[in-house]
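Chemist: What follows is protein38.txt; its format and atoms are compact mmCIF, C-alpha atoms.
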# COMPACT_ATOMS: atom_id res chain seq x y z
CA MET A 423 -21.03 -16.44 -22.65
CA GLY A 424 -21.59 -12.71 -22.25
CA GLN A 425 -18.42 -12.18 -20.22
CA ARG A 426 -16.34 -14.25 -22.68
CA ARG A 427 -17.64 -12.14 -25.59
CA TRP A 428 -16.81 -8.95 -23.64
CA CYS A 429 -13.29 -10.19 -22.95
CA TRP A 430 -12.68 -11.12 -26.58
CA ALA A 431 -14.11 -7.78 -27.74
CA THR A 432 -11.67 -6.03 -25.41
CA ALA A 433 -8.75 -8.02 -26.79
CA SER A 434 -9.79 -7.34 -30.38
CA ARG A 435 -10.24 -3.59 -29.79
CA THR A 436 -6.87 -3.33 -28.04
CA PHE A 437 -5.09 -5.12 -30.87
CA ARG A 438 -6.71 -2.86 -33.48
CA LEU A 439 -5.74 0.30 -31.60
CA ALA A 440 -2.15 -0.87 -31.24
CA VAL A 441 -1.93 -1.53 -34.97
CA LEU A 442 -3.38 1.90 -35.75
CA LEU A 443 -0.94 3.59 -33.39
CA GLY A 444 2.00 1.85 -35.01
CA GLY A 445 4.84 -0.50 -34.20
CA ALA A 446 6.04 1.42 -31.15
CA ALA A 447 2.68 0.90 -29.47
CA SER A 448 2.77 -2.79 -30.28
CA LEU A 449 6.14 -3.15 -28.62
CA LEU A 450 5.07 -1.14 -25.60
CA LEU A 451 1.84 -3.07 -25.16
CA MET A 452 3.30 -6.53 -25.72
CA PRO A 453 3.15 -7.41 -22.01
CA LEU A 454 -0.53 -6.38 -22.04
CA LEU A 455 -1.71 -7.75 -25.35
CA LEU A 456 -0.55 -11.34 -24.83
CA THR A 457 -0.83 -13.96 -27.56
CA THR A 458 -4.09 -15.25 -28.95
CA SER A 459 -3.84 -18.46 -26.94
CA GLN A 460 -3.02 -16.51 -23.77
CA TRP A 461 -6.01 -14.23 -24.29
CA ARG A 462 -8.23 -17.29 -24.83
CA ARG A 463 -7.06 -18.84 -21.57
CA ALA A 464 -7.42 -15.51 -19.76
CA CYS A 465 -10.93 -14.92 -21.11
CA ASP A 466 -12.01 -18.46 -20.28
CA GLY A 467 -10.57 -17.97 -16.81
CA ALA A 468 -12.46 -14.71 -16.41
CA VAL A 469 -15.68 -16.62 -17.10
CA ARG A 470 -14.89 -19.45 -14.70
CA ARG A 471 -13.75 -17.21 -11.88
CA SER A 472 -15.94 -14.85 -9.95
CA ASP A 473 -14.60 -11.94 -7.93
CA THR A 474 -14.62 -14.12 -4.83
CA ASP A 475 -12.06 -16.45 -6.48
CA VAL A 476 -9.46 -13.71 -7.04
CA PRO A 477 -7.45 -12.82 -3.91
CA SER A 478 -7.63 -9.13 -3.15
CA ALA A 479 -6.40 -6.90 -0.36
CA LEU A 480 -6.56 -3.40 1.02
CA LEU A 481 -3.25 -2.17 2.39
CA TRP A 482 -4.56 0.25 5.01
CA THR A 483 -2.17 2.71 6.60
CA MET A 484 -1.08 6.36 6.89
CA MET A 485 1.49 8.54 5.13
CA ARG A 486 5.18 7.80 5.83
CA SER A 487 4.45 4.39 7.32
CA GLY A 488 6.54 2.30 4.94
CA SER A 489 3.50 1.55 2.77
CA ARG A 490 5.24 1.88 -0.62
CA LEU A 491 7.79 -0.70 0.42
CA THR A 492 5.09 -3.00 1.80
CA GLN A 493 3.12 -2.62 -1.40
CA LYS A 494 6.13 -3.60 -3.51
CA LEU A 495 6.52 -6.77 -1.46
CA LEU A 496 2.84 -7.68 -1.71
CA ASP A 497 2.60 -7.17 -5.49
CA ALA A 498 5.84 -8.97 -6.30
CA GLU A 499 4.17 -11.29 -8.81
CA SER A 500 3.88 -9.73 -12.27
CA CYS A 501 0.22 -10.75 -12.60
CA SER A 502 -0.86 -8.46 -9.74
CA PHE A 503 -3.00 -5.39 -10.35
CA VAL A 504 -2.34 -2.39 -8.09
CA THR A 505 -4.06 0.91 -7.37
CA GLU A 506 -2.32 3.43 -5.10
CA GLU A 507 -4.12 5.91 -2.87
CA PRO A 508 -7.35 6.30 -4.87
CA LEU A 509 -9.23 7.89 -1.98
CA ARG A 510 -6.52 10.52 -1.57
CA SER A 511 -6.51 11.35 -5.26
CA LEU A 512 -10.23 11.25 -5.99
CA LEU A 513 -11.28 13.01 -2.76
CA PRO A 514 -14.62 11.26 -2.26
CA GLU A 515 -17.17 12.92 0.00
CA GLY A 516 -18.67 10.62 2.60
CA LEU A 517 -18.44 6.97 3.55
CA ASN A 518 -20.65 5.71 0.73
CA ALA A 519 -18.52 7.41 -1.92
CA SER A 520 -15.34 5.87 -0.50
CA LEU A 521 -16.95 2.44 -0.33
CA SER A 522 -18.15 2.72 -3.92
CA ILE A 523 -14.66 3.50 -5.21
CA LEU A 524 -13.05 0.61 -3.33
CA GLN A 525 -15.76 -1.86 -4.36
CA ASP A 526 -15.43 -0.89 -8.02
CA LEU A 527 -11.64 -1.18 -7.94
CA LEU A 528 -11.72 -4.60 -6.30
CA SER A 529 -14.33 -5.73 -8.85
CA CYS A 530 -12.50 -4.16 -11.82
CA ARG A 531 -15.42 -1.91 -12.75
CA MET A 532 -13.49 0.81 -14.57
CA VAL A 533 -15.63 1.18 -17.70
CA GLU A 534 -18.67 2.42 -15.79
CA ARG A 535 -16.58 4.79 -13.65
CA PRO A 536 -15.12 7.61 -15.80
CA ASP A 537 -13.57 9.18 -12.69
CA LEU A 538 -11.49 6.03 -12.20
CA THR A 539 -10.52 6.01 -15.86
CA SER A 540 -9.32 9.60 -15.60
CA HIS A 541 -7.38 8.68 -12.48
CA PHE A 542 -5.57 5.89 -14.32
CA ILE A 543 -4.52 8.27 -17.09
CA ASN A 544 -3.92 11.55 -15.27
CA GLY A 545 -3.76 10.70 -11.55
CA SER A 546 -0.95 12.08 -9.47
CA HIS A 547 -0.41 8.71 -7.79
CA PRO A 548 0.80 5.67 -9.76
CA VAL A 549 -1.50 2.78 -10.54
CA ASP A 550 -0.83 -0.53 -12.27
CA HIS A 551 2.44 0.17 -14.08
CA ARG A 552 1.51 -1.60 -17.32
CA VAL A 553 -1.74 0.31 -17.70
CA ARG A 554 -0.25 3.61 -16.54
CA THR A 555 2.61 3.40 -19.05
CA SER A 556 0.28 2.54 -21.92
CA CYS A 557 -2.27 5.20 -21.00
CA SER A 558 0.37 7.89 -20.62
CA ASP A 559 1.90 7.27 -24.04
CA TYR A 560 -1.28 6.30 -25.90
CA PRO A 561 -4.32 7.89 -24.18
CA LYS A 562 -6.66 6.63 -26.93
CA LEU A 563 -6.23 3.15 -25.48
CA CYS A 564 -7.71 4.27 -22.19
CA TRP A 565 -10.39 6.83 -22.86
CA ASP A 566 -13.18 4.43 -21.81
CA GLY A 567 -11.39 2.28 -19.24
CA VAL A 568 -11.66 -0.93 -21.27
CA LEU A 569 -7.94 -1.69 -21.24
CA ALA A 570 -7.54 -1.09 -17.49
CA GLU A 571 -10.60 -3.22 -16.75
CA ALA A 572 -9.37 -6.07 -18.95
CA VAL A 573 -5.95 -6.19 -17.30
CA CYS A 574 -7.57 -6.01 -13.88
CA ARG A 575 -10.00 -8.84 -14.63
CA VAL A 576 -7.32 -11.31 -15.70
CA SER A 577 -4.99 -10.47 -12.79
CA CYS A 578 -4.09 -13.06 -10.17
CA PHE A 579 -4.21 -10.60 -7.25
CA ARG A 580 -5.70 -7.13 -6.74
CA LEU A 581 -4.22 -4.68 -4.26
CA VAL A 582 -5.44 -1.22 -3.27
CA ARG A 583 -3.32 0.99 -1.00
CA VAL A 584 -5.33 3.38 1.20
CA VAL A 585 -3.80 6.15 3.33
CA ALA A 586 -6.41 8.90 3.42
CA GLN A 587 -9.32 7.29 5.23
CA GLY A 588 -9.83 5.78 8.66
CA LEU A 589 -10.05 2.04 9.20
CA SER A 590 -13.80 2.29 9.82
CA VAL A 591 -14.28 2.37 6.04
CA ALA A 592 -12.53 -0.99 5.74
CA ASN A 593 -14.74 -2.43 8.47
CA VAL A 594 -17.91 -1.49 6.59
CA LEU A 595 -16.48 -2.83 3.34
CA LEU A 596 -15.66 -6.22 4.86
CA GLN A 597 -19.16 -6.47 6.27
CA ASP A 598 -21.06 -5.40 3.15
CA TYR A 599 -18.90 -6.59 0.29
CA GLY A 600 -19.02 -10.28 -0.56
CA SER A 601 -15.58 -10.58 -2.13
CA ASN A 602 -12.39 -12.25 -1.07
CA ALA A 603 -11.03 -8.92 0.17
CA HIS A 604 -8.64 -8.86 3.11
CA VAL A 605 -7.18 -5.97 5.08
CA VAL A 606 -3.47 -5.66 5.87
CA HIS A 607 -3.27 -2.92 8.49
CA LEU A 608 0.21 -1.40 8.49
CA VAL A 609 1.28 0.62 11.52
CA ARG A 610 4.51 2.37 12.41
CA ASP A 611 5.86 3.88 15.60
CA PRO A 612 4.20 7.33 15.81
CA ARG A 613 7.57 8.87 16.76
CA ALA A 614 9.12 7.48 13.59
CA MET A 615 6.19 8.52 11.41
CA PHE A 616 6.15 12.07 12.74
CA SER A 617 9.92 12.35 12.33
CA SER A 618 9.71 11.07 8.76
CA ARG A 619 7.04 13.64 7.93
CA GLN A 620 9.15 16.43 9.39
CA ASP A 621 12.20 15.26 7.47
CA LEU A 622 10.25 15.06 4.23
CA VAL A 623 8.74 18.52 4.56
CA ASN A 624 11.86 20.26 5.82
CA SER A 625 14.47 18.85 3.48
CA ARG A 626 14.26 15.72 1.44
CA TYR A 627 11.14 16.40 -0.60
CA ILE A 628 12.53 19.78 -1.65
CA MET A 629 15.80 18.09 -2.58
CA PHE A 630 14.14 15.56 -4.89
CA ALA A 631 11.21 17.67 -6.13
CA HIS A 632 13.15 18.95 -9.16
CA GLY A 633 12.02 22.53 -8.67
CA LYS A 634 8.34 21.76 -8.17
CA LYS A 635 6.64 24.18 -5.82
CA GLU A 636 3.61 22.16 -4.72
CA GLU A 637 3.45 20.86 -1.19
CA PHE A 638 3.45 17.11 -0.76
CA MET A 639 1.88 17.36 2.69
CA HIS A 640 -0.76 19.69 3.98
CA ALA A 641 -0.38 21.60 7.23
CA VAL A 642 -2.93 19.32 8.87
CA ASP A 643 -0.65 16.32 8.25
CA MET A 644 1.94 17.87 10.56
CA ARG A 645 -0.39 18.46 13.50
CA LEU A 646 0.51 15.91 16.18
CA PRO A 647 -2.91 15.84 17.93
CA ILE A 648 -4.62 15.03 14.62
CA LEU A 649 -2.09 12.31 13.81
CA CYS A 650 -2.53 10.70 17.23
CA GLN A 651 -6.31 10.89 16.99
CA ARG A 652 -6.23 9.09 13.64
CA TYR A 653 -4.10 6.39 15.27
CA ARG A 654 -6.56 6.25 18.15
CA ASP A 655 -9.64 5.96 15.94
CA ASP A 656 -8.03 3.24 13.86
CA LEU A 657 -6.96 1.40 17.02
CA VAL A 658 -10.57 1.05 18.15
CA MET A 659 -11.57 -0.44 14.81
CA ALA A 660 -8.42 -2.56 14.54
CA THR A 661 -9.13 -4.17 17.90
CA HIS A 662 -12.68 -4.94 16.76
CA LEU A 663 -11.47 -6.47 13.48
CA ALA A 664 -8.72 -8.52 15.16
CA LEU A 665 -11.26 -10.07 17.49
CA ASN A 666 -14.16 -10.50 15.07
CA SER A 667 -12.57 -10.94 11.63
CA PRO A 668 -9.18 -12.63 12.15
CA ASP A 669 -9.50 -14.39 8.80
CA ARG A 670 -9.96 -11.08 6.95
CA TYR A 671 -7.79 -8.68 8.97
CA THR A 672 -4.16 -8.75 10.05
CA LEU A 673 -1.86 -6.23 11.70
CA LEU A 674 1.65 -5.56 10.43
CA ARG A 675 4.17 -3.44 12.27
CA TYR A 676 6.59 -1.84 9.84
CA GLU A 677 9.45 -2.49 12.24
CA ASP A 678 8.68 -6.22 12.30
CA LEU A 679 8.67 -6.29 8.51
CA VAL A 680 12.09 -4.65 8.44
CA HIS A 681 13.66 -6.95 11.02
CA ARG A 682 12.11 -10.21 9.75
CA PRO A 683 11.18 -9.50 6.12
CA HIS A 684 11.03 -13.04 4.76
CA GLU A 685 9.12 -14.34 7.78
CA GLU A 686 6.61 -11.50 7.76
CA VAL A 687 6.05 -11.58 3.99
CA ARG A 688 5.53 -15.35 4.13
CA ARG A 689 2.93 -14.78 6.85
CA LEU A 690 1.16 -12.13 4.77
CA TYR A 691 1.12 -14.30 1.64
CA ALA A 692 -0.35 -17.20 3.59
CA PHE A 693 -2.97 -14.88 5.06
CA LEU A 694 -3.91 -13.63 1.58
CA GLY A 695 -3.93 -17.12 0.05
CA LEU A 696 -1.02 -16.34 -2.28
CA PRO A 697 1.91 -18.64 -3.11
CA TYR A 698 5.28 -17.54 -1.76
CA THR A 699 7.41 -18.18 -4.84
CA ALA A 700 11.10 -17.87 -5.61
CA ARG A 701 10.33 -14.61 -7.42
CA VAL A 702 8.70 -13.18 -4.31
CA ASP A 703 11.64 -14.26 -2.18
CA THR A 704 14.03 -12.53 -4.59
CA ILE A 705 11.98 -9.32 -4.59
CA VAL A 706 12.00 -9.29 -0.79
CA GLY A 707 15.78 -9.58 -0.76
CA GLU A 708 16.25 -6.86 -3.37
CA HIS A 709 14.07 -4.35 -1.56
CA MET A 710 15.11 -5.08 1.99
CA LEU A 711 18.86 -5.32 1.39
CA GLY A 712 19.05 -2.41 -1.06
CA VAL A 713 20.81 -4.40 -3.78
CA TYR A 714 20.37 -3.57 -7.48
CA SER A 715 18.91 -0.20 -6.56
CA SER A 716 19.12 2.75 -8.95
CA GLU A 717 17.68 5.09 -6.30
CA SER A 718 19.65 6.99 -3.73
CA GLU A 719 19.04 5.74 -0.21
CA GLU A 720 18.32 9.36 0.67
CA HIS A 721 15.47 9.51 -1.82
CA PRO A 722 12.28 10.07 0.22
CA PHE A 723 10.30 7.51 -1.79
CA SER A 724 12.97 4.87 -2.30
CA THR A 725 11.82 1.31 -1.67
CA LYS A 726 15.18 -0.36 -2.28
CA LYS A 727 17.47 0.26 0.64
CA LYS A 728 18.86 -1.57 3.62
CA ALA A 729 15.78 -0.77 5.64
CA SER A 730 17.16 -2.15 8.90
CA GLY A 731 19.71 0.66 8.85
CA VAL A 732 17.13 3.44 8.67
CA VAL A 733 14.08 2.08 10.52
CA PHE A 734 15.19 3.75 13.76
CA ALA A 735 16.76 6.83 12.18
CA TRP A 736 14.27 8.97 14.10
CA ARG A 737 16.31 8.31 17.23
CA ARG A 738 19.17 10.26 15.69
CA ARG A 739 16.94 13.10 14.48
CA LEU A 740 14.54 13.79 17.34
CA PRO A 741 15.63 15.42 20.61
CA PHE A 742 14.14 13.87 23.74
CA SER A 743 11.87 16.89 24.26
CA GLU A 744 10.15 16.09 20.97
CA VAL A 745 10.02 12.37 21.73
CA ASP A 746 8.48 13.10 25.12
CA ARG A 747 5.85 15.34 23.50
CA ILE A 748 4.84 12.56 21.12
CA GLN A 749 4.80 10.00 23.91
CA GLN A 750 2.45 12.14 25.96
CA GLU A 751 0.12 12.78 23.04
CA CYS A 752 0.15 9.21 21.63
CA GLY A 753 0.90 7.23 24.79
CA ASP A 754 -2.08 4.89 24.55
CA VAL A 755 -1.26 4.09 20.92
CA LEU A 756 2.37 3.29 21.76
CA ARG A 757 1.29 0.87 24.49
CA ALA A 758 -1.40 -0.77 22.37
CA TYR A 759 0.96 -1.60 19.50
CA GLY A 760 3.93 -2.60 21.64
CA TYR A 761 6.23 0.41 21.39
CA ARG A 762 8.46 1.29 24.35
CA HIS A 763 8.10 4.54 26.28
CA PHE A 764 11.51 6.09 26.85
CA THR A 765 12.76 7.98 29.85
CA ARG A 766 15.34 10.64 29.09
CA ARG A 767 18.13 8.40 30.35
CA GLN A 768 17.00 5.39 28.29
CA TYR A 769 16.66 7.50 25.18
CA GLU A 770 20.01 9.23 25.48
CA GLU A 771 21.84 5.98 26.27
CA GLY A 772 20.27 4.43 23.15
CA GLN A 773 20.54 0.83 24.31
CA ASP A 774 16.90 -0.23 24.60
CA SER A 775 14.91 -1.16 21.51
CA PRO A 776 11.72 0.80 20.81
CA LEU A 777 10.02 -2.54 20.10
CA LEU A 778 8.30 -4.68 22.70
CA PRO A 779 6.37 -7.91 22.16
CA LEU A 780 2.96 -7.32 20.65
CA PRO A 781 0.24 -7.32 23.33
CA PRO A 782 -3.23 -8.89 22.93
CA PRO A 783 -5.18 -9.13 20.73
CA TRP A 784 -2.31 -9.10 18.22
CA ALA A 785 -0.11 -11.57 20.11
CA ALA A 786 -2.90 -14.14 20.05
CA SER A 787 -3.05 -13.99 16.24
CA GLY A 788 0.34 -15.44 15.42
CA HIS A 789 2.15 -12.14 14.86
CA GLY A 790 5.78 -11.42 15.57
CA HIS A 791 7.28 -10.84 18.99
CA GLY A 792 9.16 -7.59 18.49
CA GLY A 793 12.73 -6.92 17.51
CA GLY A 794 15.92 -5.20 18.49
CA ASP A 795 17.69 -2.18 17.20
CA GLY A 796 19.21 -4.12 14.36
Spit out the file's structure as structure tokens when you get a sec.
Modeler:
Amino acid sequence: MGQRRWCWATASRTFRLAVLLGGAASLLLMPLLLTTSQWRRACDGAVRRSDTDVPSALLWTMMRSGSRLTQKLLDAESCSFVTEEPLRSLLPEGLNASLSILQDLLSCRMVERPDLTSHFINGSHPVDHRVRTSCSDYPKLCWDGVLAEAVCRVSCFRLVRVVAQGLSVANVLLQDYGSNAHVVHLVRDPRAMFSSRQDLVNSRYIMFAHGKKEEFMHAVDMRLPILCQRYRDDLVMATHLALNSPDRYTLLRYEDLVHRPHEEVRRLYAFLGLPYTARVDTIVGEHMLGVYSSESEEHPFSTKKKASGVVFAWRRRLPFSEVDRIQQECGDVLRAYGYRHFTRRQYEEGQDSPLLPLPPPWAASGHGHGGGDG
């Protein structure tokens, strides 16, 4: 009964605030406020369901890996609740602090975490779009985190995207946290990722920054040895998780997602225990084919483009000397995730695909078998 009373109190408080703020707030918050009968069903559902009944996932990756696109495909249903890059924005110190943030987000504990509430209102990275829009226009709705927590608790799926911490944090969370959390580990060819970072820093971010002077990436993000070591550290943990937690961990190569989007998204939805609906199928088509997009394909953060046409754009941008440098520094990572090493002749002829079949332990887990240049 206590949780039902809390849910109804949240609904009542939100309605009162919307009325006080005026008609514009009511119109803006309509998707959040629901009808009385919808709130009753949602509150009853919140009582019946524990956190272990709500599918949740951590999309674990690195910057410029295709994670925004992957996130859009995973949260295609409107009842999803999303938090982007909380560890990068909140800058936690130590493993325990990172674990605490992720546990509270997956359990929708916003009220008791004022730092999370502030992040939802003022954070530099977007969170659940309904809450973010409401909090931005009417901060009084969000000063104590009640609204964000309520929307999170009645969601059908919770997704947290993580780019700033190594995969070892996810391993500890899966061991210690008794939820239905899963890990989707997104990787991308290190040559492509490094090229994308260079391109972003040197040109495209400046072009679309609208005069802003701040740097999107720090100098450390452009240091190849550090990038390869992060790959290497994650690879050790990924191998452990693939062998020991195949029901909670899955690997996704960005290139496989681009070449077989419907197949790969279906696989991910089955892994997460989510229904692959007609809406999801439509969203996949819109984002992967670039239709109905209001963003320029050159926009550095666009998620609606014909991805198959740009997934190997690094081959046009990087000279072989740079490719060879990355291959020497990240050679073990390339081999482990099924990316081809190029000789100068192969690279300059441009006929061979960078993708090879996934080796064990990924191949034994029902993953894809590589793709072509497409």
Chemist: Separation of atom CA of Trp565 of chain A and atom CA of Leu527 of chain A, in Å?
Modeler: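 So the answer is 17.0 Å.
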Chemist: Using only C-alpha atoms, which residue out of A:Arg554, A:His684, A:Arg645, A:Arg535 lies closest to Leu512 of chain A?
Modeler: A:Arg535
Chemist: Could you tell me how far atom CA of Tyr676 of chain A lies from atom CA of Leu696 of chain A, in Å and to one decimal?
Modeler: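 So the answer is 20.4 Å.
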Chemist: Which is closest to His607 of chain A among A:Tyr671, A:Tyr560, A:Trp784, A:Phe742, if we use all atoms listed in the file?
Modeler: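 The shortest atom-to-atom distance to His607 of chain A comes from A:Tyr671.
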Chemist: For the atom pair atom CA of Tyr653 of chain A and atom CA of Gly588 of chain A, what is the interatomic distance in Å to one decimal place?
Modeler: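 About the pair atom CA of Tyr653 of chain A and atom CA of Gly588 of chain A: they are 8.8 Å apart.
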Chemist: Between A:Ser667, A:Gln587, A:Ser478, A:Ser618, which one has atoms that come closest to Arg737 of chain A, using only C-alpha atoms?
Modeler: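 Selected residue with least distance to Arg737 of chain A: A:Ser618.
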Chemist: Nearest to Ala519 of chain A: which of A:Gln768, A:Leu608, A:Val591, A:Asp774 is it, counting all atoms listed in the file?
Modeler: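 Between A:Gln768, A:Leu608, A:Val591, A:Asp774, the residue approaching Ala519 of chain A most closely is A:Val591.
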Chemist: Counting all atoms listed in the file, which residues sit no farther than 10 Å from the position (8.0, -0.4, 14.6) in the file's frame? I'd like them as a ChimeraX atom specification.
Modeler: /A:487,608-615,674-681,733-734,756,759-762,775-778,792-793
